[in-house]
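Colleague: Below is the file structure-v5.txt, with compact mmCIF, C-alpha atoms.
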```txt
# COMPACT_ATOMS: atom_id res chain seq x y z
CA MET A 1 0.00 0.00 0.00
CA LYS A 2 1.22 3.53 -0.80
CA ILE A 3 0.44 5.77 2.15
CA LEU A 4 0.97 9.51 2.61
CA VAL A 5 1.29 10.45 6.28
CA VAL A 6 0.26 13.90 7.51
CA LEU A 7 3.22 14.45 9.83
CA SER A 8 3.08 17.30 12.33
CA GLY A 9 6.30 16.42 14.08
CA GLY A 10 4.49 15.51 17.32
CA MET A 11 4.35 12.16 19.14
CA ASP A 12 1.21 10.83 17.49
CA SER A 13 2.11 11.36 13.85
CA ALA A 14 5.72 10.25 14.49
CA THR A 15 4.42 7.00 15.98
CA LEU A 16 2.06 6.64 13.00
CA LEU A 17 5.00 7.02 10.62
CA TRP A 18 7.05 4.39 12.49
CA LEU A 19 4.05 2.02 12.67
CA LEU A 20 3.22 2.18 8.95
CA LYS A 21 6.89 1.87 8.00
CA SER A 22 7.19 -1.22 10.24
CA GLN A 23 4.22 -2.73 8.36
CA GLU A 24 6.23 -2.64 5.14
CA HIS A 25 4.07 -0.06 3.40
CA HIS A 26 5.50 2.43 0.96
CA VAL A 27 5.35 5.54 3.13
CA GLU A 28 5.83 9.21 2.24
CA ALA A 29 5.08 12.24 4.42
CA VAL A 30 3.87 15.80 4.12
CA THR A 31 3.99 18.53 6.72
CA ILE A 32 1.71 21.52 6.32
CA ASP A 33 2.99 24.93 7.32
CA TYR A 34 -0.14 26.93 8.22
CA LYS A 35 1.91 29.44 10.25
CA GLN A 36 1.31 27.51 13.44
CA ARG A 37 2.62 29.04 16.66
CA HIS A 38 4.56 25.87 17.39
CA ILE A 39 6.44 26.04 14.06
CA LYS A 40 9.30 24.22 15.78
CA GLU A 41 7.41 20.98 15.10
CA ILE A 42 8.24 21.36 11.39
CA ASP A 43 11.95 20.93 12.16
CA SER A 44 11.05 17.81 14.12
CA ALA A 45 9.11 16.44 11.15
CA LYS A 46 12.10 17.04 8.88
CA SER A 47 14.54 15.26 11.21
CA LEU A 48 12.21 12.32 11.76
CA CYS A 49 11.83 11.70 8.00
CA ALA A 50 15.55 12.07 7.40
CA MET A 51 16.23 9.48 10.10
CA LEU A 52 13.73 7.01 8.61
CA GLY A 53 14.68 7.70 4.98
CA VAL A 54 11.13 8.77 4.11
CA LYS A 55 10.38 11.19 1.26
CA HIS A 56 9.13 14.37 2.93
CA ASP A 57 7.58 17.54 1.55
CA ILE A 58 6.72 20.68 3.49
CA ILE A 59 3.70 22.35 1.90
CA ASP A 60 3.70 26.06 2.59
CA LEU A 61 0.11 27.18 3.18
CA SER A 62 1.32 29.84 5.61
CA SER A 63 -0.50 32.63 3.82
CA ILE A 64 -3.78 31.28 5.23
CA GLY A 65 -2.48 31.74 8.79
CA GLN A 66 -3.49 35.42 8.90
CA TYR A 67 -7.15 34.43 8.39
CA LEU A 68 -7.23 31.74 11.10
CA THR A 69 -8.08 34.18 13.87
CA GLY A 70 -9.35 33.33 17.34
CA SER A 71 -7.15 30.27 17.93
CA SER A 72 -4.07 30.38 20.16
CA GLN A 73 -2.30 28.13 17.65
CA SER A 74 -2.62 30.38 14.61
CA ASP A 75 -3.39 33.82 16.10
CA LEU A 76 -0.53 35.22 18.19
CA SER A 77 -2.88 37.68 19.91
CA VAL A 78 -4.56 34.74 21.68
CA ASP A 79 -2.60 33.29 24.64
CA VAL A 80 -2.06 29.53 24.85
CA PRO A 81 -4.37 28.27 27.63
CA HIS A 82 -3.06 26.06 30.44
CA GLY A 83 -4.76 22.87 31.56
CA ARG A 84 -5.94 19.53 30.27
CA TYR A 85 -7.20 18.66 26.77
CA ASP A 86 -10.75 17.97 27.90
CA GLU A 87 -11.27 21.37 29.56
CA PRO A 88 -13.45 24.02 27.88
CA SER A 89 -10.53 26.48 27.86
CA MET A 90 -8.81 24.18 25.36
CA LYS A 91 -11.34 25.27 22.73
CA LEU A 92 -9.09 28.28 22.29
CA THR A 93 -6.53 25.95 20.72
CA VAL A 94 -8.90 24.79 17.95
CA VAL A 95 -7.59 26.07 14.60
CA PRO A 96 -10.58 26.76 12.30
CA ASN A 97 -11.08 23.81 9.91
CA ARG A 98 -7.51 22.67 10.43
CA ASN A 99 -7.84 18.98 9.68
CA MET A 100 -10.06 19.39 6.61
CA LEU A 101 -7.46 21.77 5.20
CA LEU A 102 -4.57 19.42 6.05
CA LEU A 103 -6.38 16.39 4.60
CA ALA A 104 -7.48 18.31 1.50
CA ALA A 105 -3.89 19.38 0.79
CA ALA A 106 -2.43 15.95 1.54
CA GLY A 107 -5.24 14.38 -0.49
CA ALA A 108 -4.37 16.53 -3.50
CA VAL A 109 -0.76 15.32 -3.33
CA ALA A 110 -1.85 11.69 -2.82
CA ILE A 111 -4.23 11.85 -5.80
CA ALA A 112 -1.56 13.42 -8.03
CA ARG A 113 0.86 10.63 -7.00
CA LYS A 114 -1.81 7.91 -7.36
CA MET A 115 -1.31 6.74 -3.78
CA ASP A 116 -3.81 4.61 -1.84
CA GLN A 117 -4.25 6.30 1.51
CA VAL A 118 -3.72 9.47 3.50
CA ALA A 119 -3.06 8.73 7.18
CA TYR A 120 -3.24 11.08 10.14
CA GLY A 121 -2.77 10.71 13.86
CA ALA A 122 -6.20 11.57 15.31
CA HIS A 123 -6.73 9.73 18.61
CA SER A 124 -9.45 9.33 21.21
CA GLY A 125 -7.94 11.90 23.59
CA ASP A 126 -8.65 14.58 20.96
CA HIS A 127 -12.37 13.84 20.66
CA ALA A 128 -13.67 16.08 23.44
CA ILE A 129 -12.23 19.35 22.12
CA TYR A 130 -11.40 18.78 18.45
CA PRO A 131 -14.46 17.89 16.34
CA ASP A 132 -12.17 17.24 13.36
CA CYS A 133 -10.48 14.37 15.19
CA ARG A 134 -13.71 12.45 15.82
CA PRO A 135 -14.69 9.21 14.04
CA ALA A 136 -17.79 10.85 12.49
CA PHE A 137 -15.63 13.54 10.86
CA VAL A 138 -13.13 10.99 9.60
CA ASP A 139 -15.93 8.82 8.16
CA SER A 140 -17.44 11.81 6.39
CA MET A 141 -14.06 12.87 4.95
CA ARG A 142 -13.52 9.28 3.77
CA GLU A 143 -16.86 9.34 1.94
CA THR A 144 -16.10 12.75 0.45
CA PHE A 145 -12.74 11.55 -0.89
CA LYS A 146 -14.56 8.73 -2.71
CA LEU A 147 -16.54 11.43 -4.57
CA ALA A 148 -13.82 14.04 -5.06
CA ASP A 149 -11.81 12.62 -7.93
CA TRP A 150 -11.60 9.78 -10.44
CA HIS A 151 -8.74 8.40 -8.35
CA GLN A 152 -10.14 7.43 -4.97
CA ILE A 153 -8.02 7.54 -1.84
CA ASP A 154 -8.88 6.26 1.60
CA ILE A 155 -8.30 7.99 4.95
CA ALA A 156 -6.48 5.89 7.55
CA THR A 157 -6.60 6.72 11.26
CA PRO A 158 -5.26 3.68 13.12
CA PHE A 159 -5.23 5.57 16.47
CA ILE A 160 -8.81 6.87 16.30
CA ASN A 161 -9.98 4.62 19.16
CA ILE A 162 -6.89 4.60 21.37
CA ASP A 163 -5.45 7.34 23.53
CA LYS A 164 -2.03 8.97 23.73
CA GLY A 165 -0.91 6.68 26.56
CA ARG A 166 -1.34 3.62 24.37
CA ILE A 167 0.25 5.43 21.43
CA CYS A 168 3.27 6.13 23.66
CA ASN A 169 3.44 2.48 24.68
CA LEU A 170 3.35 1.42 21.05
CA GLY A 171 5.93 4.03 20.04
CA ILE A 172 8.38 2.86 22.73
CA ASP A 173 8.03 -0.70 21.40
CA LEU A 174 8.63 0.58 17.86
CA GLY A 175 11.68 2.59 18.92
CA VAL A 176 10.27 6.00 17.99
CA PRO A 177 12.90 8.64 18.89
CA TYR A 178 10.59 10.73 21.08
CA HIS A 179 13.46 13.10 21.92
CA MET A 180 13.12 14.31 18.31
CA THR A 181 9.36 14.99 18.48
CA TRP A 182 7.80 18.29 19.50
CA THR A 183 4.46 18.58 21.30
CA CYS A 184 4.29 21.87 23.25
CA TYR A 185 1.81 24.43 21.93
CA ALA A 186 3.81 27.41 23.21
CA GLY A 187 6.66 26.94 20.72
CA ASP A 188 9.43 28.21 23.01
CA GLU A 189 12.92 26.70 23.37
CA LEU A 190 11.81 24.13 25.96
CA PRO A 191 8.37 22.54 26.52
CA CYS A 192 6.25 24.84 28.76
CA ARG A 193 4.80 21.86 30.71
CA LYS A 194 1.60 23.84 31.31
CA CYS A 195 -0.35 23.83 28.02
CA GLY A 196 -2.84 21.07 27.23
CA ALA A 197 -0.44 19.42 24.81
CA CYS A 198 2.39 19.26 27.41
CA VAL A 199 0.03 18.02 30.13
CA GLU A 200 -1.31 15.28 27.87
CA ARG A 201 2.20 14.26 26.78
CA ALA A 202 3.26 13.95 30.43
CA GLU A 203 0.19 11.78 31.16
CA ALA A 204 1.02 9.58 28.17
CA PHE A 205 4.57 8.94 29.41
CA ALA A 206 3.23 8.31 32.93
CA PHE A 207 0.77 5.74 31.52
CA ALA A 208 3.62 4.06 29.64
CA LYS A 209 5.75 4.13 32.82
CA ALA A 210 8.49 5.83 30.82
CA THR A 211 10.52 9.02 31.06
CA ASP A 212 9.97 11.71 28.44
CA PRO A 213 13.45 12.23 26.94
CA LEU A 214 12.59 15.92 26.33
CA ILE A 215 11.99 16.44 30.07
CA GLY A 216 14.03 13.82 31.89
CA THR A 217 13.46 13.13 35.57
CA ASP A 218 12.88 16.05 37.92
CA MET B 1 -27.14 35.67 5.84
CA LYS B 2 -23.33 36.08 5.81
CA ILE B 3 -21.95 34.32 2.76
CA LEU B 4 -18.35 33.82 1.62
CA VAL B 5 -18.11 33.32 -2.16
CA VAL B 6 -15.30 31.30 -3.69
CA LEU B 7 -14.59 33.60 -6.60
CA SER B 8 -12.40 32.39 -9.45
CA GLY B 9 -12.94 35.41 -11.67
CA GLY B 10 -14.83 33.40 -14.28
CA MET B 11 -18.45 33.79 -15.47
CA ASP B 12 -20.04 31.37 -13.04
CA SER B 13 -18.60 32.68 -9.78
CA ALA B 14 -19.02 36.31 -10.95
CA THR B 15 -22.72 35.63 -11.60
CA LEU B 16 -22.97 33.93 -8.21
CA LEU B 17 -21.49 37.02 -6.55
CA TRP B 18 -23.93 39.33 -8.33
CA LEU B 19 -26.88 37.03 -7.53
CA LEU B 20 -26.15 36.79 -3.80
CA LYS B 21 -25.47 40.52 -3.57
CA SER B 22 -28.82 41.21 -5.30
CA GLN B 23 -30.49 39.04 -2.65
CA GLU B 24 -29.33 41.45 0.05
CA HIS B 25 -27.00 39.01 1.75
CA HIS B 26 -23.82 40.16 3.43
CA VAL B 27 -21.31 38.91 0.86
CA GLU B 28 -17.52 38.60 1.04
CA ALA B 29 -15.23 36.81 -1.40
CA VAL B 30 -12.02 34.80 -1.44
CA THR B 31 -9.92 33.82 -4.41
CA ILE B 32 -7.46 30.98 -4.04
CA ASP B 33 -4.13 31.20 -5.81
CA TYR B 34 -3.07 27.58 -6.38
CA LYS B 35 -0.62 28.60 -9.13
CA GLN B 36 -3.26 28.00 -11.79
CA ARG B 37 -2.16 28.37 -15.40
CA HIS B 38 -4.93 30.90 -16.00
CA ILE B 39 -3.69 33.17 -13.20
CA LYS B 40 -5.17 36.09 -15.14
CA GLU B 41 -8.53 35.20 -13.59
CA ILE B 42 -7.22 36.45 -10.23
CA ASP B 43 -7.01 39.99 -11.66
CA SER B 44 -10.59 39.61 -12.87
CA ALA B 45 -11.71 38.55 -9.39
CA LYS B 46 -10.04 41.61 -7.89
CA SER B 47 -11.69 44.03 -10.33
CA LEU B 48 -15.12 42.43 -9.92
CA CYS B 49 -15.02 42.81 -6.13
CA ALA B 50 -13.74 46.38 -6.34
CA MET B 51 -16.63 47.23 -8.67
CA LEU B 52 -19.21 45.68 -6.34
CA GLY B 53 -17.62 47.00 -3.14
CA VAL B 54 -17.19 43.49 -1.76
CA LYS B 55 -14.46 42.62 0.76
CA HIS B 56 -12.03 40.38 -1.11
CA ASP B 57 -9.05 38.32 0.01
CA ILE B 58 -6.63 36.41 -2.17
CA ILE B 59 -5.35 33.39 -0.32
CA ASP B 60 -1.95 32.35 -1.56
CA LEU B 61 -1.77 28.55 -1.60
CA SER B 62 0.55 28.68 -4.61
CA SER B 63 3.20 26.54 -2.94
CA ILE B 64 0.93 23.51 -3.44
CA GLY B 65 0.92 24.06 -7.22
CA GLN B 66 4.19 22.16 -7.70
CA TYR B 67 2.57 18.99 -6.31
CA LEU B 68 -0.57 19.14 -8.48
CA THR B 69 1.02 17.31 -11.38
CA GLY B 70 -0.77 15.76 -14.34
CA SER B 71 -3.34 18.52 -14.88
CA SER B 72 -3.04 21.09 -17.67
CA GLN B 73 -4.30 23.73 -15.23
CA SER B 74 -1.61 23.33 -12.59
CA ASP B 75 1.22 21.53 -14.43
CA LEU B 76 2.76 23.59 -17.26
CA SER B 77 4.25 20.46 -18.84
CA VAL B 78 0.73 19.30 -19.75
CA ASP B 79 -0.85 21.06 -22.78
CA VAL B 80 -4.37 22.48 -22.49
CA PRO B 81 -6.63 20.12 -24.50
CA HIS B 82 -9.02 21.48 -27.12
CA GLY B 83 -12.68 20.48 -27.37
CA ARG B 84 -15.86 20.36 -25.35
CA TYR B 85 -16.24 19.92 -21.57
CA ASP B 86 -17.89 16.51 -21.85
CA GLU B 87 -15.07 14.93 -23.87
CA PRO B 88 -12.67 12.46 -22.21
CA SER B 89 -9.68 14.63 -23.18
CA MET B 90 -11.02 17.24 -20.75
CA LYS B 91 -10.00 14.98 -17.87
CA LEU B 92 -6.53 16.47 -18.38
CA THR B 93 -7.91 19.74 -17.02
CA VAL B 94 -8.96 18.20 -13.68
CA VAL B 95 -6.78 19.66 -10.90
CA PRO B 96 -6.30 17.00 -8.19
CA ASN B 97 -8.72 17.61 -5.31
CA ARG B 98 -9.16 21.25 -6.35
CA ASN B 99 -12.60 21.95 -4.95
CA MET B 100 -12.07 20.22 -1.63
CA LEU B 101 -8.95 22.34 -1.16
CA LEU B 102 -10.75 25.54 -2.17
CA LEU B 103 -13.74 24.79 0.05
CA ALA B 104 -11.53 23.74 2.97
CA ALA B 105 -9.59 27.03 2.77
CA ALA B 106 -12.70 29.16 2.29
CA GLY B 107 -14.41 27.17 5.06
CA ALA B 108 -11.55 27.96 7.45
CA VAL B 109 -11.98 31.68 6.76
CA ALA B 110 -15.78 31.46 7.06
CA ILE B 111 -15.54 29.62 10.40
CA ALA B 112 -13.01 32.13 11.77
CA ARG B 113 -15.37 34.96 10.72
CA LYS B 114 -18.47 33.15 12.06
CA MET B 115 -20.20 33.34 8.69
CA ASP B 116 -23.16 31.16 7.66
CA GLN B 117 -22.32 29.80 4.22
CA VAL B 118 -19.57 29.21 1.69
CA ALA B 119 -20.89 29.45 -1.88
CA TYR B 120 -19.26 28.22 -5.07
CA GLY B 121 -20.28 28.17 -8.70
CA ALA B 122 -20.47 24.45 -9.56
CA HIS B 123 -23.03 23.88 -12.34
CA SER B 124 -24.52 20.96 -14.25
CA GLY B 125 -22.22 21.39 -17.26
CA ASP B 126 -19.28 20.47 -15.02
CA HIS B 127 -20.71 17.16 -13.85
CA ALA B 128 -19.40 14.93 -16.63
CA ILE B 129 -15.71 15.70 -16.17
CA TYR B 130 -15.34 17.21 -12.70
CA PRO B 131 -16.41 14.83 -9.89
CA ASP B 132 -15.94 17.66 -7.38
CA CYS B 133 -18.72 19.70 -9.04
CA ARG B 134 -21.37 16.98 -8.69
CA PRO B 135 -24.30 17.12 -6.24
CA ALA B 136 -23.08 14.01 -4.39
CA PHE B 137 -19.71 15.66 -3.68
CA VAL B 138 -21.37 18.88 -2.56
CA ASP B 139 -23.75 16.97 -0.26
CA SER B 140 -20.86 15.08 1.27
CA MET B 141 -18.84 18.28 1.83
CA ARG B 142 -21.90 19.85 3.43
CA GLU B 143 -22.20 16.93 5.87
CA THR B 144 -18.48 17.06 6.61
CA PHE B 145 -18.64 20.77 7.43
CA LYS B 146 -21.35 20.02 10.00
CA LEU B 147 -18.83 17.76 11.75
CA ALA B 148 -15.65 19.79 11.27
CA ASP B 149 -16.00 22.52 13.86
CA TRP B 150 -18.16 23.81 16.71
CA HIS B 151 -19.29 26.57 14.35
CA GLN B 152 -21.20 24.93 11.48
CA ILE B 153 -21.27 26.44 8.04
CA ASP B 154 -23.37 25.38 5.08
CA ILE B 155 -22.26 24.98 1.45
CA ALA B 156 -24.41 26.83 -1.09
CA THR B 157 -24.38 25.91 -4.79
CA PRO B 158 -27.38 27.65 -6.38
CA PHE B 159 -26.25 26.67 -9.91
CA ILE B 160 -25.73 22.97 -9.23
CA ASN B 161 -28.72 21.95 -11.40
CA ILE B 162 -28.53 24.56 -14.16
CA ASP B 163 -26.03 24.90 -16.98
CA LYS B 164 -23.77 27.73 -18.11
CA GLY B 165 -26.31 28.94 -20.72
CA ARG B 166 -28.88 29.65 -18.01
CA ILE B 167 -26.20 31.17 -15.78
CA CYS B 168 -25.33 33.53 -18.66
CA ASN B 169 -29.00 34.44 -19.10
CA LEU B 170 -29.30 35.19 -15.41
CA GLY B 171 -26.07 37.18 -15.38
CA ILE B 172 -27.18 39.37 -18.25
CA ASP B 173 -30.41 40.11 -16.33
CA LEU B 174 -28.34 40.94 -13.24
CA GLY B 175 -25.97 43.19 -15.20
CA VAL B 176 -22.82 41.15 -14.57
CA PRO B 177 -19.92 42.87 -16.37
CA TYR B 178 -18.85 39.81 -18.37
CA HIS B 179 -16.15 41.83 -20.11
CA MET B 180 -14.36 41.79 -16.76
CA THR B 181 -14.54 38.00 -16.29
CA TRP B 182 -11.93 35.52 -17.48
CA THR B 183 -12.72 31.98 -18.60
CA CYS B 184 -10.01 30.70 -20.98
CA TYR B 185 -7.82 27.89 -19.64
CA ALA B 186 -4.81 28.85 -21.75
CA GLY B 187 -4.12 32.09 -19.85
CA ASP B 188 -2.80 34.11 -22.82
CA GLU B 189 -3.57 37.75 -23.61
CA LEU B 190 -6.80 36.91 -25.47
CA PRO B 191 -9.15 33.92 -25.09
CA CYS B 192 -7.87 30.97 -27.19
CA ARG B 193 -11.41 30.00 -28.29
CA LYS B 194 -10.33 26.35 -28.56
CA CYS B 195 -10.09 25.03 -25.00
CA GLY B 196 -13.08 23.44 -23.29
CA ALA B 197 -13.67 26.51 -21.18
CA CYS B 198 -13.75 28.85 -24.21
CA VAL B 199 -16.00 26.48 -26.18
CA GLU B 200 -18.44 26.23 -23.28
CA ARG B 201 -18.44 30.00 -22.76
CA ALA B 202 -19.26 30.52 -26.45
CA GLU B 203 -22.12 28.01 -26.20
CA ALA B 204 -23.46 29.82 -23.12
CA PHE B 205 -23.57 33.18 -24.92
CA ALA B 206 -25.16 31.50 -27.96
CA PHE B 207 -27.84 30.00 -25.69
CA ALA B 208 -28.47 33.43 -24.18
CA LYS B 209 -28.60 34.96 -27.69
CA ALA B 210 -25.97 37.48 -26.58
CA THR B 211 -22.54 38.58 -27.71
CA ASP B 212 -19.55 37.82 -25.51
CA PRO B 213 -18.00 41.24 -24.84
CA LEU B 214 -14.54 39.61 -24.64
CA ILE B 215 -14.93 38.33 -28.21
CA GLY B 216 -17.37 40.68 -29.99
CA THR B 217 -18.92 39.67 -33.32
CA ASP B 218 -16.74 38.00 -35.93
```
How does this structure look as structure tokens?
Modeller:
Amino acid sequence: MKILVVLSGGMDSATLLWLLKSQEHHVEAVTIDYKQRHIKEIDSAKSLCAMLGVKHDIIDLSSIGQYLTGSSQSDLSVDVPHGRYDEPSMKLTVVPNRNMLLLAAAGAVAIARKMDQVAYGAHSGDHAIYPDCRPAFVDSMRETFKLADWHQIDIATPFINIDKGRICNLGIDLGVPYHMTWTCYAGDELPCRKCGACVERAEAFAFAKATDPLIGTD
Amino acid sequence: MKILVVLSGGMDSATLLWLLKSQEHHVEAVTIDYKQRHIKEIDSAKSLCAMLGVKHDIIDLSSIGQYLTGSSQSDLSVDVPHGRYDEPSMKLTVVPNRNMLLLAAAGAVAIARKMDQVAYGAHSGDHAIYPDCRPAFVDSMRETFKLADWHQIDIATPFINIDKGRICNLGIDLGVPYHMTWTCYAGDELPCRKCGACVERAEAFAFAKATDPLIGTD
């Protein structure tokens, strides 16, 4: 199977890349630059693909960033909220229509290359706050892709029903170099350890009874 | 109703803009630059909005153009085919996943601005060759948008069941300045009058028993 992975540079999509590669698929990756606050993750994506020898393209859609107002992740006038992913304050981190845009762009590339699937790392921990990570959204995108072009591609979301703790477990087994991934929403030099993304990453490592190589032991 | 029009600068989307404006909606427009061969249409879009006093943004997604290979409209190594829209050769003009990408980008802007609808000019003459102009695709996109974000927007396609001849009739009634629109796929100084888009435009004016101001009378 020829699969194009939407790679953010975070834990989930890195684990997805390692998983699909371990399953002997032909894997390529795209990273979308939508002028995200945590642009540092793009460097992570680049390093991860170089390490795995995976063809990687960075698609620059950054010009749309100026229109994605109201989200802490694309609008620098909105502060990154602290807390857990399932708290209402986390709605501030929702980037308008982010995943449809990412999947539409990746889908265009996959159709042009006559690939079979586009894969992305949506997981069950995202469901409460991000509508575009829910199974119903994925199913609807899958149906839409069947109607969008003469060449039909499928959407693969192997983590849709598991949470980040289990993804972390799996990634440790697969040897994912988590020290090379970037999760923090704040996009500073070191992880802030306060934003929803940092809190959830810490919980995932705690579940996996492992130490986050980006943090170490306190 | 607050409606965001996906405006290419061609006849159909120009007529759509004039129609919605005549219906007293609050109308804004976006034009997507995906490095299309007929980039001239972007100038048309700009002039049309200036004339109507409509807020207009050009979203630069041109970096994706290099990946949209195999289509005469986004890959300059592929010649623009001559003929009619319903001929198999016209499949060469299909830009991979074009409308999902356009709607996803426009949808992101509409969600950020808390608008009600995104409208685009798909019509029945497009159905044979462009899967992403068919009612089934539009219906599926509409359902997906209901699931994509907390703020739900609708997709409006008032021309989905009429052809370009009737659109031309309507546009003449509405006073659309067709001399300011651009249709030709070739993107030269004057319309080529051989590509599918030119042939269909000529048929539309013939149906409306009108003279195309871009062509005049031979």
Colleague: Identify every residue of chain A that has at least one atom within 9 Å of any atom of chain B, counting only C-alpha atoms, and report the result as an mmCIF file with C-alpha atoms, in the coordinates of the input.
Modeller:
```cif
data_model
loop_
_atom_site.group_PDB
_atom_site.id
_atom_site.type_symbol
_atom_site.label_atom_id
_atom_site.label_comp_id
_atom_site.auth_asym_id
_atom_site.auth_seq_id
_atom_site.Cartn_x
_atom_site.Cartn_y
_atom_site.Cartn_z
ATOM 1 C CA ILE A 59 3.700 22.350 1.900
ATOM 2 C CA ASP A 60 3.700 26.060 2.590
ATOM 3 C CA LEU A 61 0.110 27.180 3.180
ATOM 4 C CA SER A 62 1.320 29.840 5.610
ATOM 5 C CA SER A 63 -0.500 32.630 3.820
ATOM 6 C CA ILE A 64 -3.780 31.280 5.230
ATOM 7 C CA TYR A 67 -7.150 34.430 8.390
ATOM 8 C CA LEU A 68 -7.230 31.740 11.100
ATOM 9 C CA THR A 69 -8.080 34.180 13.870
ATOM 10 C CA GLY A 70 -9.350 33.330 17.340
ATOM 11 C CA SER A 71 -7.150 30.270 17.930
ATOM 12 C CA VAL A 94 -8.900 24.790 17.950
ATOM 13 C CA VAL A 95 -7.590 26.070 14.600
ATOM 14 C CA PRO A 96 -10.580 26.760 12.300
ATOM 15 C CA ASN A 97 -11.080 23.810 9.910
ATOM 16 C CA ARG A 98 -7.510 22.670 10.430
ATOM 17 C CA ASN A 99 -7.840 18.980 9.680
ATOM 18 C CA MET A 100 -10.060 19.390 6.610
ATOM 19 C CA LEU A 101 -7.460 21.770 5.200
ATOM 20 C CA LEU A 102 -4.570 19.420 6.050
ATOM 21 C CA LEU A 103 -6.380 16.390 4.600
ATOM 22 C CA ALA A 104 -7.480 18.310 1.500
ATOM 23 C CA ALA A 105 -3.890 19.380 0.790
ATOM 24 C CA GLY A 107 -5.240 14.380 -0.490
ATOM 25 C CA ALA A 108 -4.370 16.530 -3.500
ATOM 26 C CA VAL A 109 -0.760 15.320 -3.330
ATOM 27 C CA ALA A 110 -1.850 11.690 -2.820
ATOM 28 C CA ILE A 111 -4.230 11.850 -5.800
ATOM 29 C CA ALA A 112 -1.560 13.420 -8.030
ATOM 30 C CA ARG A 113 0.860 10.630 -7.000
ATOM 31 C CA TYR A 130 -11.400 18.780 18.450
ATOM 32 C CA PRO A 131 -14.460 17.890 16.340
ATOM 33 C CA ASP A 132 -12.170 17.240 13.360
ATOM 34 C CA CYS A 133 -10.480 14.370 15.190
ATOM 35 C CA ARG A 134 -13.710 12.450 15.820
ATOM 36 C CA ALA A 136 -17.790 10.850 12.490
ATOM 37 C CA PHE A 137 -15.630 13.540 10.860
ATOM 38 C CA VAL A 138 -13.130 10.990 9.600
ATOM 39 C CA ASP A 139 -15.930 8.820 8.160
ATOM 40 C CA SER A 140 -17.440 11.810 6.390
ATOM 41 C CA MET A 141 -14.060 12.870 4.950
ATOM 42 C CA GLU A 143 -16.860 9.340 1.940
ATOM 43 C CA THR A 144 -16.100 12.750 0.450
ATOM 44 C CA PHE A 145 -12.740 11.550 -0.890
ATOM 45 C CA LYS A 146 -14.560 8.730 -2.710
ATOM 46 C CA LEU A 147 -16.540 11.430 -4.570
ATOM 47 C CA ALA A 148 -13.820 14.040 -5.060
ATOM 48 C CA ASP A 149 -11.810 12.620 -7.930
ATOM 49 C CA TRP A 150 -11.600 9.780 -10.440
ATOM 50 C CA HIS A 151 -8.740 8.400 -8.350
#
```
Colleague: Return the single residue from B:Ala202, B:Leu19, B:Leu7, B:Cys168 that is closest to Ser47 (chain B), with distances computed using all atoms listed in the file.
Modeller: B:Leu7
Colleague: I'd like the interatomic distance between CA of Arg37 (chain A) and CA of Cys198 (chain A), to a tenth of an Å.
Modeller: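 CA of Cys198 (chain A) lies 14.5 Å from CA of Arg37 (chain A).
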Colleague: By how many Å are CA of Ser89 (chain A) and CA of Cys192 (chain A) apart?
Modeller: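 So the two atoms, CA of Ser89 (chain A) and CA of Cys192 (chain A), lie 16.9 Å apart.
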Colleague: Please measure the separation of CA of Ser8 (chain A) and CA of Lys21 (chain A), giving the value in Å to one decimal.
Modeller: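 Result for CA of Ser8 (chain A) versus CA of Lys21 (chain A): 16.5 Å, one decimal.
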Colleague: With only C-alpha atoms as the basis for distance, which of B:His123, B:Gly216, B:Thr15, B:Gly9 is at the shortest distance from Asp43 (chain B)?
Modeller: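 Nearest to Asp43 (chain B): B:Gly9.
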Colleague: As a PDB file with C-alpha atoms, in the frame of the given file, please: the residues near His179 (chain B) (cut-off 12 Å, all atoms listed in the file, same-chain neighbours under 4 positions excluded).
Modeller:
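Wrote around32.pdb, looks like this:
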```
ATOM      1  CA  GLY B   9     -12.940  35.410 -11.670  1.00  0.00           C
ATOM      2  CA  GLY B  10     -14.830  33.400 -14.280  1.00  0.00           C
ATOM      3  CA  MET B  11     -18.450  33.790 -15.470  1.00  0.00           C
ATOM      4  CA  ALA B  14     -19.020  36.310 -10.950  1.00  0.00           C
ATOM      5  CA  SER B  44     -10.590  39.610 -12.870  1.00  0.00           C
ATOM      6  CA  SER B  47     -11.690  44.030 -10.330  1.00  0.00           C
ATOM      7  CA  LEU B  48     -15.120  42.430  -9.920  1.00  0.00           C
ATOM      8  CA  GLY B 171     -26.070  37.180 -15.380  1.00  0.00           C
ATOM      9  CA  ILE B 172     -27.180  39.370 -18.250  1.00  0.00           C
ATOM     10  CA  GLY B 175     -25.970  43.190 -15.200  1.00  0.00           C
ATOM     11  CA  THR B 183     -12.720  31.980 -18.600  1.00  0.00           C
ATOM     12  CA  LEU B 190      -6.800  36.910 -25.470  1.00  0.00           C
ATOM     13  CA  PRO B 191      -9.150  33.920 -25.090  1.00  0.00           C
ATOM     14  CA  THR B 211     -22.540  38.580 -27.710  1.00  0.00           C
ATOM     15  CA  ASP B 212     -19.550  37.820 -25.510  1.00  0.00           C
ATOM     16  CA  PRO B 213     -18.000  41.240 -24.840  1.00  0.00           C
ATOM     17  CA  LEU B 214     -14.540  39.610 -24.640  1.00  0.00           C
ATOM     18  CA  ILE B 215     -14.930  38.330 -28.210  1.00  0.00           C
ATOM     19  CA  GLY B 216     -17.370  40.680 -29.990  1.00  0.00           C
TER      20      GLY B 216
END
```
Colleague: Please determine, counting all atoms listed in the file, which residue among A:Arg84, A:Lys164, A:Lys114, A:Lys40 has the shortest atom-to-atom distance to Leu16 (chain A).
Modeller: A:Lys164
